[in-house]
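Have a look at entry17.txt below; it lists compact mmCIF, C-alpha atoms.
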```txt
# COMPACT_ATOMS: atom_id res chain seq x y z
CA MET H 27 1.06 -58.97 19.19
CA LYS H 28 3.46 -61.22 17.30
CA LEU H 29 5.73 -63.68 19.10
CA ARG H 30 9.25 -62.23 19.18
CA THR H 31 11.80 -64.67 17.80
CA ALA H 32 15.57 -64.76 17.36
CA ILE H 33 17.46 -66.91 14.88
CA ILE H 34 20.98 -68.14 15.58
CA GLY H 35 22.91 -69.62 12.68
CA SER H 36 23.35 -67.69 9.45
CA GLY H 37 23.63 -70.64 7.05
CA ASN H 38 21.05 -72.17 4.71
CA ILE H 39 18.64 -73.28 7.44
CA GLY H 40 18.76 -70.02 9.38
CA CYS H 41 18.17 -67.98 6.22
CA ASP H 42 15.23 -70.15 5.15
CA VAL H 43 13.68 -69.82 8.63
CA LEU H 44 14.06 -66.04 8.38
CA CYS H 45 12.13 -65.99 5.10
CA LYS H 46 9.29 -68.01 6.62
CA VAL H 47 9.16 -66.01 9.86
CA GLN H 48 8.90 -62.76 7.93
CA ARG H 49 5.96 -64.16 5.97
CA SER H 50 4.13 -65.25 9.14
CA ALA H 51 1.30 -63.22 10.62
CA LEU H 52 2.11 -64.60 14.08
CA LEU H 53 5.90 -64.26 14.29
CA GLU H 54 8.44 -61.47 14.24
CA CYS H 55 12.22 -61.81 13.93
CA THR H 56 13.84 -59.35 16.31
CA LEU H 57 17.44 -60.61 16.09
CA PHE H 58 19.51 -62.64 13.62
CA ALA H 59 22.79 -63.99 15.02
CA GLY H 60 25.84 -65.36 13.23
CA ARG H 61 29.59 -65.44 13.75
CA ASN H 62 30.88 -63.93 10.51
CA ALA H 63 30.12 -60.27 9.90
CA ALA H 64 30.62 -60.77 6.17
CA SER H 65 28.41 -63.86 5.81
CA PRO H 66 25.67 -63.89 3.15
CA GLY H 67 23.16 -64.75 5.88
CA LEU H 68 23.84 -61.62 7.92
CA ALA H 69 23.79 -59.58 4.73
CA LEU H 70 20.35 -61.02 3.92
CA ALA H 71 19.02 -60.14 7.37
CA ARG H 72 20.42 -56.60 7.16
CA SER H 73 18.84 -56.13 3.74
CA ARG H 74 15.47 -57.07 5.26
CA GLY H 75 15.81 -54.62 8.13
CA ILE H 76 16.46 -57.23 10.85
CA PRO H 77 18.81 -56.38 13.75
CA VAL H 78 21.91 -58.58 13.52
CA THR H 79 24.85 -59.61 15.65
CA ASP H 80 28.05 -61.31 14.53
CA ARG H 81 28.84 -62.52 18.08
CA GLY H 82 26.76 -65.71 17.91
CA ALA H 83 25.38 -66.93 21.24
CA GLU H 84 27.19 -64.12 23.06
CA GLY H 85 25.16 -61.67 21.00
CA LEU H 86 21.93 -63.43 21.97
CA PHE H 87 22.73 -63.24 25.67
CA ALA H 88 23.46 -59.52 25.31
CA ALA H 89 19.93 -58.96 23.97
CA LEU H 90 17.79 -61.36 26.01
CA ASP H 91 15.00 -58.82 26.49
CA SER H 92 14.40 -58.57 22.74
CA PHE H 93 13.02 -62.06 22.07
CA ASP H 94 11.04 -64.92 23.63
CA LEU H 95 11.81 -67.85 21.33
CA VAL H 96 15.01 -68.92 19.58
CA PHE H 97 15.32 -70.90 16.36
CA ASP H 98 18.69 -72.64 16.68
CA ALA H 99 20.21 -73.36 13.25
CA THR H 100 23.84 -73.69 14.35
CA SER H 101 25.54 -77.07 14.88
CA SER H 102 24.95 -79.99 17.19
CA ALA H 103 27.90 -79.08 19.42
CA ALA H 104 27.01 -75.39 19.54
CA HIS H 105 23.41 -76.13 20.47
CA GLN H 106 24.46 -78.38 23.34
CA ALA H 107 26.77 -75.62 24.60
CA HIS H 108 24.34 -72.70 24.68
CA ALA H 109 20.89 -74.32 24.98
CA PRO H 110 20.94 -74.86 28.79
CA ALA H 111 21.72 -71.20 29.50
CA LEU H 112 19.05 -69.96 27.09
CA GLN H 113 16.50 -72.24 28.72
CA ALA H 114 17.57 -71.05 32.14
CA ALA H 115 16.90 -67.51 30.92
CA GLY H 116 13.32 -68.54 30.12
CA LYS H 117 13.66 -68.71 26.34
CA VAL H 118 11.90 -71.41 24.34
CA LEU H 119 14.23 -73.17 21.90
CA ILE H 120 13.29 -74.75 18.61
CA ASN H 121 16.27 -76.92 17.77
CA LEU H 122 16.94 -77.38 14.05
CA THR H 123 20.32 -79.04 14.64
CA PRO H 124 20.73 -82.84 14.96
CA ALA H 125 21.67 -82.45 18.64
CA PRO H 126 19.78 -84.94 20.82
CA ASN H 127 18.59 -82.20 23.20
CA GLY H 128 14.90 -81.52 23.65
CA ALA H 129 11.58 -83.21 22.99
CA LEU H 130 11.48 -84.92 19.60
CA CYS H 131 8.80 -83.23 17.51
CA VAL H 132 6.87 -83.96 14.32
CA PRO H 133 4.18 -81.24 14.41
CA SER H 134 1.48 -83.27 12.65
CA LEU H 135 1.94 -86.11 15.16
CA ASN H 136 2.74 -84.57 18.56
CA GLY H 137 2.99 -80.81 18.12
CA ASP H 138 -0.03 -80.05 20.33
CA ALA H 139 1.56 -81.96 23.22
CA LEU H 140 4.74 -79.85 23.12
CA LEU H 141 3.35 -76.30 23.28
CA ALA H 142 4.79 -75.82 26.77
CA ALA H 143 8.14 -77.55 26.11
CA GLY H 144 11.31 -75.56 26.73
CA ASN H 145 13.40 -77.22 24.02
CA ILE H 146 11.67 -78.62 20.93
CA ASN H 147 13.81 -80.89 18.78
CA MET H 148 12.86 -80.83 15.07
CA ILE H 149 14.93 -83.99 14.50
CA THR H 150 16.28 -83.76 10.91
CA CYS H 151 15.00 -83.12 7.40
CA SER H 152 14.97 -86.87 6.84
CA GLY H 153 13.04 -87.39 10.05
CA GLN H 154 10.40 -84.81 9.15
CA ALA H 155 10.00 -86.32 5.68
CA SER H 156 9.88 -89.97 6.71
CA ILE H 157 8.41 -90.31 10.20
CA PRO H 158 4.76 -89.48 9.37
CA ILE H 159 4.86 -92.13 6.63
CA ALA H 160 6.69 -94.67 8.81
CA GLN H 161 4.20 -94.05 11.62
CA ALA H 162 1.31 -94.61 9.21
CA MET H 163 2.91 -97.86 8.02
CA THR H 164 3.31 -99.25 11.53
CA ALA H 165 -0.17 -98.14 12.57
CA ALA H 166 -1.64 -100.11 9.66
CA ASN H 167 0.79 -103.04 10.06
CA PRO H 168 1.55 -103.74 13.74
CA GLU H 169 3.80 -106.68 12.85
CA ILE H 170 6.47 -104.52 11.14
CA HIS H 171 9.83 -105.49 12.67
CA TYR H 172 12.28 -103.39 10.63
CA LEU H 173 12.20 -99.88 9.12
CA GLU H 174 14.71 -98.32 6.75
CA VAL H 175 14.77 -94.71 5.58
CA VAL H 176 17.03 -93.48 2.78
CA SER H 177 17.10 -89.76 1.95
CA SER H 178 18.93 -88.12 -0.97
CA ILE H 179 19.59 -84.37 -1.01
CA SER H 180 21.59 -82.04 -3.23
CA ALA H 181 25.13 -81.16 -2.19
CA GLU H 182 24.32 -77.46 -2.52
CA SER H 183 21.63 -77.71 0.14
CA ALA H 184 23.88 -79.52 2.66
CA GLY H 185 25.77 -76.82 4.52
CA PRO H 186 28.91 -77.26 6.63
CA ALA H 187 26.95 -77.89 9.85
CA THR H 188 24.96 -80.71 8.23
CA ARG H 189 28.15 -82.39 7.01
CA LEU H 190 29.88 -81.91 10.37
CA ASN H 191 26.95 -83.43 12.26
CA LEU H 192 26.31 -86.56 10.18
CA ASN H 193 26.71 -88.95 13.12
CA HIS H 194 24.18 -87.07 15.23
CA TYR H 195 21.97 -86.68 12.13
CA ILE H 196 21.72 -90.45 11.76
CA GLU H 197 21.41 -91.15 15.49
CA THR H 198 18.68 -88.57 16.09
CA THR H 199 16.70 -89.68 13.04
CA GLU H 200 16.85 -93.31 14.19
CA ASP H 201 15.89 -92.41 17.78
CA ALA H 202 12.87 -90.50 16.49
CA LEU H 203 11.83 -93.36 14.21
CA ARG H 204 11.84 -95.69 17.21
CA GLN H 205 9.87 -93.26 19.35
CA PHE H 206 7.12 -92.52 16.84
CA THR H 207 6.69 -96.01 15.39
CA GLY H 208 7.47 -98.34 18.28
CA CYS H 209 9.74 -100.34 15.95
CA ASN H 210 13.10 -101.01 17.59
CA ARG H 211 15.04 -102.14 14.49
CA VAL H 212 15.52 -99.06 12.32
CA LYS H 213 18.13 -97.67 9.95
CA ALA H 214 18.56 -94.17 8.50
CA ILE H 215 20.82 -93.33 5.54
CA LEU H 216 21.60 -89.92 4.04
CA ASN H 217 23.03 -89.52 0.53
CA ILE H 218 24.46 -86.12 -0.44
CA ASN H 219 24.38 -85.92 -4.24
CA PRO H 220 26.70 -83.47 -6.09
CA ALA H 221 24.86 -83.86 -9.41
CA LYS H 222 23.99 -80.81 -11.51
CA PRO H 223 21.29 -79.74 -11.97
CA ASN H 224 20.48 -80.23 -8.29
CA VAL H 225 18.53 -83.33 -7.35
CA TYR H 226 15.27 -82.86 -5.46
CA MET H 227 14.99 -84.26 -1.96
CA GLN H 228 13.66 -87.81 -2.11
CA THR H 229 13.09 -90.21 0.76
CA ALA H 230 12.44 -93.93 0.43
CA ILE H 231 10.75 -95.77 3.31
CA SER H 232 10.88 -99.56 3.55
CA ALA H 233 9.22 -101.78 6.15
CA LEU H 234 9.56 -105.52 6.71
CA ALA H 235 6.80 -107.76 8.05
CA GLU H 236 5.46 -111.23 7.33
CA GLN H 237 2.09 -109.77 6.35
CA HIS H 238 0.97 -106.32 5.20
CA ASP H 239 -2.45 -104.70 4.94
CA LEU H 240 -1.90 -102.68 1.77
CA GLU H 241 -5.35 -101.07 1.67
CA ALA H 242 -5.09 -99.86 5.27
CA THR H 243 -1.52 -98.68 4.60
CA ARG H 244 -2.54 -96.60 1.60
CA SER H 245 -5.37 -95.01 3.58
CA ALA H 246 -3.10 -94.20 6.54
CA ILE H 247 -0.40 -92.75 4.29
CA ALA H 248 -2.95 -90.61 2.42
CA GLY H 249 -4.02 -89.09 5.74
CA ALA H 250 -0.42 -88.44 6.78
CA VAL H 251 0.36 -86.76 3.45
CA ALA H 252 -2.72 -84.53 3.68
CA ARG H 253 -1.66 -83.31 7.12
CA LEU H 254 1.91 -82.68 5.96
CA ARG H 255 0.84 -80.79 2.86
CA ALA H 256 -0.91 -78.22 5.05
CA ALA H 257 2.56 -76.94 5.97
CA VAL H 258 4.60 -78.18 2.99
CA PRO H 259 2.50 -78.10 -0.22
CA GLY H 260 5.41 -79.60 -2.19
CA TYR H 261 5.29 -82.91 -0.32
CA ASP H 262 4.31 -85.73 -2.73
CA VAL H 263 4.28 -89.52 -2.88
CA ILE H 264 6.15 -90.42 -6.07
CA VAL H 265 6.15 -94.21 -5.65
CA GLU H 266 2.82 -95.54 -4.41
CA PRO H 267 2.92 -97.97 -1.49
CA HIS H 268 3.38 -101.53 -2.70
CA VAL H 269 4.50 -104.90 -1.38
CA THR H 270 7.23 -107.16 -2.75
CA GLY H 271 7.62 -110.32 -0.70
CA ASP H 272 7.88 -109.19 2.91
CA ARG H 273 8.87 -105.63 1.97
CA LEU H 274 6.48 -102.67 2.02
CA PHE H 275 7.90 -99.72 0.09
CA THR H 276 7.03 -96.14 -0.80
CA MET H 277 8.94 -92.99 -1.77
CA VAL H 278 8.24 -89.28 -1.30
CA ARG H 279 9.70 -86.15 -2.85
CA VAL H 280 9.79 -82.70 -1.28
CA THR H 281 9.74 -79.65 -3.52
CA GLY H 282 10.74 -76.56 -1.57
CA ALA H 283 9.04 -73.18 -1.63
CA GLY H 284 12.24 -71.63 -3.02
CA ASP H 285 12.41 -69.08 -0.21
CA TYR H 286 16.20 -69.10 0.09
CA LEU H 287 17.61 -71.84 -2.14
CA ASP H 288 15.93 -73.17 -5.28
CA PRO H 289 12.95 -75.56 -4.98
CA SER H 290 15.19 -78.64 -5.21
CA ALA H 291 16.21 -77.94 -1.61
CA GLY H 292 13.09 -79.51 -0.16
CA ASN H 293 15.20 -80.74 2.75
CA LEU H 294 15.37 -77.13 3.93
CA ASP H 295 11.64 -76.60 3.52
CA ILE H 296 10.52 -79.76 5.30
CA ILE H 297 12.31 -78.87 8.55
CA THR H 298 12.04 -75.06 8.49
CA ALA H 299 8.32 -75.26 7.71
CA ALA H 300 7.88 -77.69 10.60
CA ALA H 301 9.81 -75.38 12.94
CA THR H 302 7.81 -72.34 11.86
CA ARG H 303 4.57 -74.27 12.28
CA MET H 304 5.54 -75.10 15.88
CA ALA H 305 6.45 -71.48 16.65
CA GLU H 306 3.11 -70.32 15.25
CA ALA H 307 1.29 -72.90 17.38
CA ILE H 308 3.12 -71.61 20.45
CA ALA H 309 2.19 -68.03 19.50
CA ARG H 310 -1.51 -68.96 19.17
CA ASP H 311 -1.43 -70.85 22.46
CA ARG H 312 0.12 -67.89 24.30
CA THR H 313 -2.40 -65.49 22.82
CA ALA H 314 -5.27 -67.76 23.88
CA ARG H 315 -3.92 -68.07 27.41
CA ASP H 316 -3.35 -64.32 27.69
CA SER H 317 -6.91 -63.67 26.49
CA HIS H 318 -8.43 -66.19 28.91
CA PRO H 319 -6.33 -66.26 32.10
CA PRO H 320 -7.25 -68.98 34.58
CA VAL H 321 -9.85 -67.97 37.17
CA ALA H 322 -8.62 -68.27 40.73
CA GLN H 323 -10.60 -70.86 42.69
CA PRO H 324 -11.77 -69.98 46.23
CA MET H 325 -9.89 -71.79 48.95
CA GLU H 326 -11.85 -74.36 50.89
CA SER H 327 -12.44 -73.42 54.48
CA VAL H 328 -10.65 -75.48 57.05
CA ALA H 329 -12.85 -76.67 59.90
```
Can you dump the structure from the file as structure tokens?
Amino acid sequence: MKLRTAIIGSGNIGCDVLCKVQRSALLECTLFAGRNAASPGLALARSRGIPVTDRGAEGLFAALDSFDLVFDATSSAAHQAHAPALQAAGKVLINLTPAPNGALCVPSLNGDALLAAGNINMITCSGQASIPIAQAMTAANPEIHYLEVVSSISAESAGPATRLNLNHYIETTEDALRQFTGCNRVKAILNINPAKPNVYMQTAISALAEQHDLEATRSAIAGAVARLRAAVPGYDVIVEPHVTGDRLFTMVRVTGAGDYLDPSAGNLDIITAAATRMAEAIARDRTARDSHPPVAQPMESVA
């Protein structure tokens, strides 16, 4: 039995999630929701035989019995409006918007701890690309006192919701950096590049400390990259970790799978692959629990 999933949001992120869900052996998309009957996203879902609704969240609530988990690829404001009611209805949410709702999640770092969470926050594309590296840096260099993350993405891959939510995008990325690294002074920057041909997603991570252990840093980053590449094969370090003065620096590039947009849109892949990975982990966990229900313990007698 596959885990039944719904997708709300018919833009770039929602369409890329749909492609990945349909390729999964553990997931099934039973509803695709948007707000524009003529949108390319709804047309894509129809062409793939997926039931659709153009009534957005209202359409989800009219079909609650058809799904168990919702991928939310709408906007920050929309997620905050409909998430509480979906959770109250017993639906698990995987939040791909920059809204602050839910438990901040980087699957390779804390995914196993969130299998029972009701609202799982996938942070941002920049967060998914940078946090495993930043966490590795701070683990190897406990004296790091400042972290800076700069991501560049193509304009074509940045849909209207991403542009509308830039404040929450930055705030949520910075909150997650603090949580996963323990470093309180952090800064996140997003550059949207209109160049043609499209630029590939690149993320630079800088860390300041009086001393750095470069050998331990390289080892920790290599481990982080290996774990990430299990879900995103196109994740690569393009500038090896090095130290200049008190600054530790590295840069990564994400090449997408090309499921919906071309491979330059690695910013789609890094967050949709993470979201799909979490949904698959939830599916496996539910199957395991259904196969091995807890054995009732006899009650102790009361003297």
### Task
Fewer than 4 positions away in the same chain doesn't count, so skip those; otherwise give me all residues within 6 Å of Ser36 in chain H, counting all atoms listed in the file, as a count of residues only.
3
Mind dumping a table of every range 176-213 of chain H residue within 7 Å of range 142-165 of chain H, with the nearest atom pair and its distance in Å to one decimal, using only C-alpha atoms, sorted by chain and rising number, as JSON lines?
```
{"residue": "H:Ser177", "atom": "CA", "partner": "H:Ser152", "partner_atom": "CA", "distance": 6.1}
{"residue": "H:Tyr195", "atom": "CA", "partner": "H:Thr150", "partner_atom": "CA", "distance": 6.5}
{"residue": "H:Thr198", "atom": "CA", "partner": "H:Ile149", "partner_atom": "CA", "distance": 6.1}
{"residue": "H:Thr199", "atom": "CA", "partner": "H:Gly153", "partner_atom": "CA", "distance": 5.3}
{"residue": "H:Leu203", "atom": "CA", "partner": "H:Ile157", "partner_atom": "CA", "distance": 6.1}
{"residue": "H:Phe206", "atom": "CA", "partner": "H:Gln161", "partner_atom": "CA", "distance": 6.2}
{"residue": "H:Thr207", "atom": "CA", "partner": "H:Gln161", "partner_atom": "CA", "distance": 4.9}
```
### Message
Show me, as a count of residues only, the residues that have an atom within 6 Å of Val78 in chain H when counting all atoms listed in the file, minus same-chain residues fewer than 4 positions from it.
### Response
3
### Task
Fewer than 5 positions away in the same chain doesn't count, so skip those; otherwise give me all residues within 10 Å of range 82-89 of chain H, counting only C-alpha atoms, as a ChimeraX atom specification.
/H:32-36,56-62,96,98,100,104-105,107-109,111-112,115
### Query
Could you name the residues that touch Gly75 in chain H at 12 Å or less, counting all atoms listed in the file, but leaving out those on the same chain fewer than 4 positions away, as a PyMOL selection string?
chain H and resi 44+48+54-58+68-71
### Query
Neighbours of range 256-259 of chain H within 12 Å (only C-alpha atoms; same-chain residues fewer than 2 positions away dropped), as a ChimeraX atom specification?
/H:46,132-134,154-155,249-254,261-263,279-284,289,292-304,306
Go ahead and dump the residues you just picked, C-alpha atoms, as a JSON list (two decimals), in the frame of the given file.
```json
[["chain", "number", "residue", "atom", "x", "y", "z"],
["H", 46, "LYS", "CA", 9.29, -68.01, 6.62],
["H", 132, "VAL", "CA", 6.87, -83.96, 14.32],
["H", 133, "PRO", "CA", 4.18, -81.24, 14.41],
["H", 134, "SER", "CA", 1.48, -83.27, 12.65],
["H", 154, "GLN", "CA", 10.40, -84.81, 9.15],
["H", 155, "ALA", "CA", 10.00, -86.32, 5.68],
["H", 249, "GLY", "CA", -4.02, -89.09, 5.74],
["H", 250, "ALA", "CA", -0.42, -88.44, 6.78],
["H", 251, "VAL", "CA", 0.36, -86.76, 3.45],
["H", 252, "ALA", "CA", -2.72, -84.53, 3.68],
["H", 253, "ARG", "CA", -1.66, -83.31, 7.12],
["H", 254, "LEU", "CA", 1.91, -82.68, 5.96],
["H", 261, "TYR", "CA", 5.29, -82.91, -0.32],
["H", 262, "ASP", "CA", 4.31, -85.73, -2.73],
["H", 263, "VAL", "CA", 4.28, -89.52, -2.88],
["H", 279, "ARG", "CA", 9.70, -86.15, -2.85],
["H", 280, "VAL", "CA", 9.79, -82.70, -1.28],
["H", 281, "THR", "CA", 9.74, -79.65, -3.52],
["H", 282, "GLY", "CA", 10.74, -76.56, -1.57],
["H", 283, "ALA", "CA", 9.04, -73.18, -1.63],
["H", 284, "GLY", "CA", 12.24, -71.63, -3.02],
["H", 289, "PRO", "CA", 12.95, -75.56, -4.98],
["H", 292, "GLY", "CA", 13.09, -79.51, -0.16],
["H", 293, "ASN", "CA", 15.20, -80.74, 2.75],
["H", 294, "LEU", "CA", 15.37, -77.13, 3.93],
["H", 295, "ASP", "CA", 11.64, -76.60, 3.52],
["H", 296, "ILE", "CA", 10.52, -79.76, 5.30],
["H", 297, "ILE", "CA", 12.31, -78.87, 8.55],
["H", 298, "THR", "CA", 12.04, -75.06, 8.49],
["H", 299, "ALA", "CA", 8.32, -75.26, 7.71],
["H", 300, "ALA", "CA", 7.88, -77.69, 10.60],
["H", 301, "ALA", "CA", 9.81, -75.38, 12.94],
["H", 302, "THR", "CA", 7.81, -72.34, 11.86],
["H", 303, "ARG", "CA", 4.57, -74.27, 12.28],
["H", 304, "MET", "CA", 5.54, -75.10, 15.88],
["H", 306, "GLU", "CA", 3.11, -70.32, 15.25]]
```
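Using only C-alpha atoms, the protein and nucleic acid residues lying at most 7 Å from the point (0.3, -68.2, 15.3) are Ala51, Leu52, Leu53, Glu306, Ala307, Ile308, Ala309 and Arg310 of chain H.
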Take every atom of range 58-63 of chain H listed in the file, pad by 6 Å on each side, and give me the axis-aligned box centre and edge lengths in Å, one decimal, as JSON.
```
{"center_x": 25.2, "center_y": -62.9, "center_z": 12.5, "size_x": 23.4, "size_y": 17.2, "size_z": 17.1}
```
Residue completion, range 71-81 of chain H, all heavy atoms, as a tab-separated table (two decimals), keeping the file's coordinate frame:
```tsv
chain	number	residue	atom	x	y	z
H	71	ALA	N	19.82	-60.69	6.27
H	71	ALA	CA	19.02	-60.14	7.37
H	71	ALA	C	19.09	-58.61	7.38
H	71	ALA	O	18.07	-57.94	7.56
H	71	ALA	CB	19.52	-60.72	8.70
H	72	ARG	N	20.29	-58.06	7.19
H	72	ARG	CA	20.42	-56.60	7.16
H	72	ARG	C	19.57	-56.01	6.04
H	72	ARG	O	18.89	-54.99	6.23
H	72	ARG	CB	21.88	-56.20	6.96
H	72	ARG	CG	22.80	-56.46	8.14
H	72	ARG	CD	24.15	-55.78	7.90
H	72	ARG	NE	25.16	-56.29	8.83
H	72	ARG	CZ	26.03	-57.23	8.51
H	72	ARG	NH1	26.02	-57.79	7.30
H	72	ARG	NH2	26.92	-57.64	9.40
H	73	SER	N	19.58	-56.65	4.88
H	73	SER	CA	18.84	-56.13	3.74
H	73	SER	C	17.33	-56.14	3.99
H	73	SER	O	16.58	-55.40	3.35
H	73	SER	CB	19.16	-56.94	2.47
H	73	SER	OG	18.55	-58.22	2.52
H	74	ARG	N	16.89	-56.97	4.93
H	74	ARG	CA	15.47	-57.07	5.26
H	74	ARG	C	15.12	-56.27	6.51
H	74	ARG	O	14.01	-56.38	7.03
H	74	ARG	CB	15.08	-58.53	5.43
H	74	ARG	CG	15.11	-59.32	4.11
H	74	ARG	CD	14.91	-60.80	4.34
H	74	ARG	NE	14.74	-61.49	3.06
H	74	ARG	CZ	13.63	-62.17	2.73
H	74	ARG	NH1	12.63	-62.26	3.57
H	74	ARG	NH2	13.54	-62.77	1.55
H	75	GLY	N	16.08	-55.49	7.00
H	75	GLY	CA	15.81	-54.62	8.13
H	75	GLY	C	15.80	-55.31	9.48
H	75	GLY	O	15.22	-54.79	10.44
H	76	ILE	N	16.43	-56.47	9.59
H	76	ILE	CA	16.46	-57.23	10.85
H	76	ILE	C	17.72	-56.87	11.64
H	76	ILE	O	18.83	-56.87	11.08
H	76	ILE	CB	16.44	-58.74	10.57
H	76	ILE	CG1	15.26	-59.13	9.70
H	76	ILE	CG2	16.43	-59.52	11.88
H	76	ILE	CD1	13.92	-58.82	10.28
H	77	PRO	N	17.62	-56.58	12.93
H	77	PRO	CA	18.81	-56.38	13.75
H	77	PRO	C	19.69	-57.62	13.73
H	77	PRO	O	19.18	-58.74	13.83
H	77	PRO	CB	18.25	-56.11	15.15
H	77	PRO	CG	16.85	-55.64	14.93
H	77	PRO	CD	16.38	-56.37	13.71
H	78	VAL	N	21.00	-57.44	13.61
H	78	VAL	CA	21.91	-58.58	13.52
H	78	VAL	C	23.02	-58.44	14.55
H	78	VAL	O	23.31	-57.35	15.04
H	78	VAL	CB	22.52	-58.72	12.11
H	78	VAL	CG1	21.42	-58.81	11.05
H	78	VAL	CG2	23.46	-57.58	11.80
H	79	THR	N	23.62	-59.58	14.86
H	79	THR	CA	24.85	-59.61	15.65
H	79	THR	C	25.78	-60.65	15.04
H	79	THR	O	25.32	-61.69	14.56
H	79	THR	CB	24.58	-59.96	17.13
H	79	THR	OG1	25.84	-60.10	17.83
H	79	THR	CG2	23.81	-61.26	17.27
H	80	ASP	N	27.08	-60.34	15.02
H	80	ASP	CA	28.05	-61.31	14.53
H	80	ASP	C	28.80	-61.97	15.69
H	80	ASP	O	29.87	-62.53	15.50
H	80	ASP	CB	29.03	-60.65	13.56
H	80	ASP	CG	29.83	-59.52	14.20
H	80	ASP	OD1	29.70	-59.29	15.42
H	80	ASP	OD2	30.60	-58.85	13.47
H	81	ARG	N	28.21	-61.93	16.89
H	81	ARG	CA	28.84	-62.52	18.08
H	81	ARG	C	28.14	-63.80	18.52
H	81	ARG	O	28.31	-64.25	19.64
H	81	ARG	CB	28.85	-61.51	19.21
H	81	ARG	CG	29.74	-60.29	18.94
H	81	ARG	CD	29.87	-59.42	20.17
H	81	ARG	NE	28.59	-58.82	20.54
H	81	ARG	CZ	28.20	-58.59	21.78
H	81	ARG	NH1	28.98	-58.96	22.80
H	81	ARG	NH2	27.03	-58.02	22.03
```
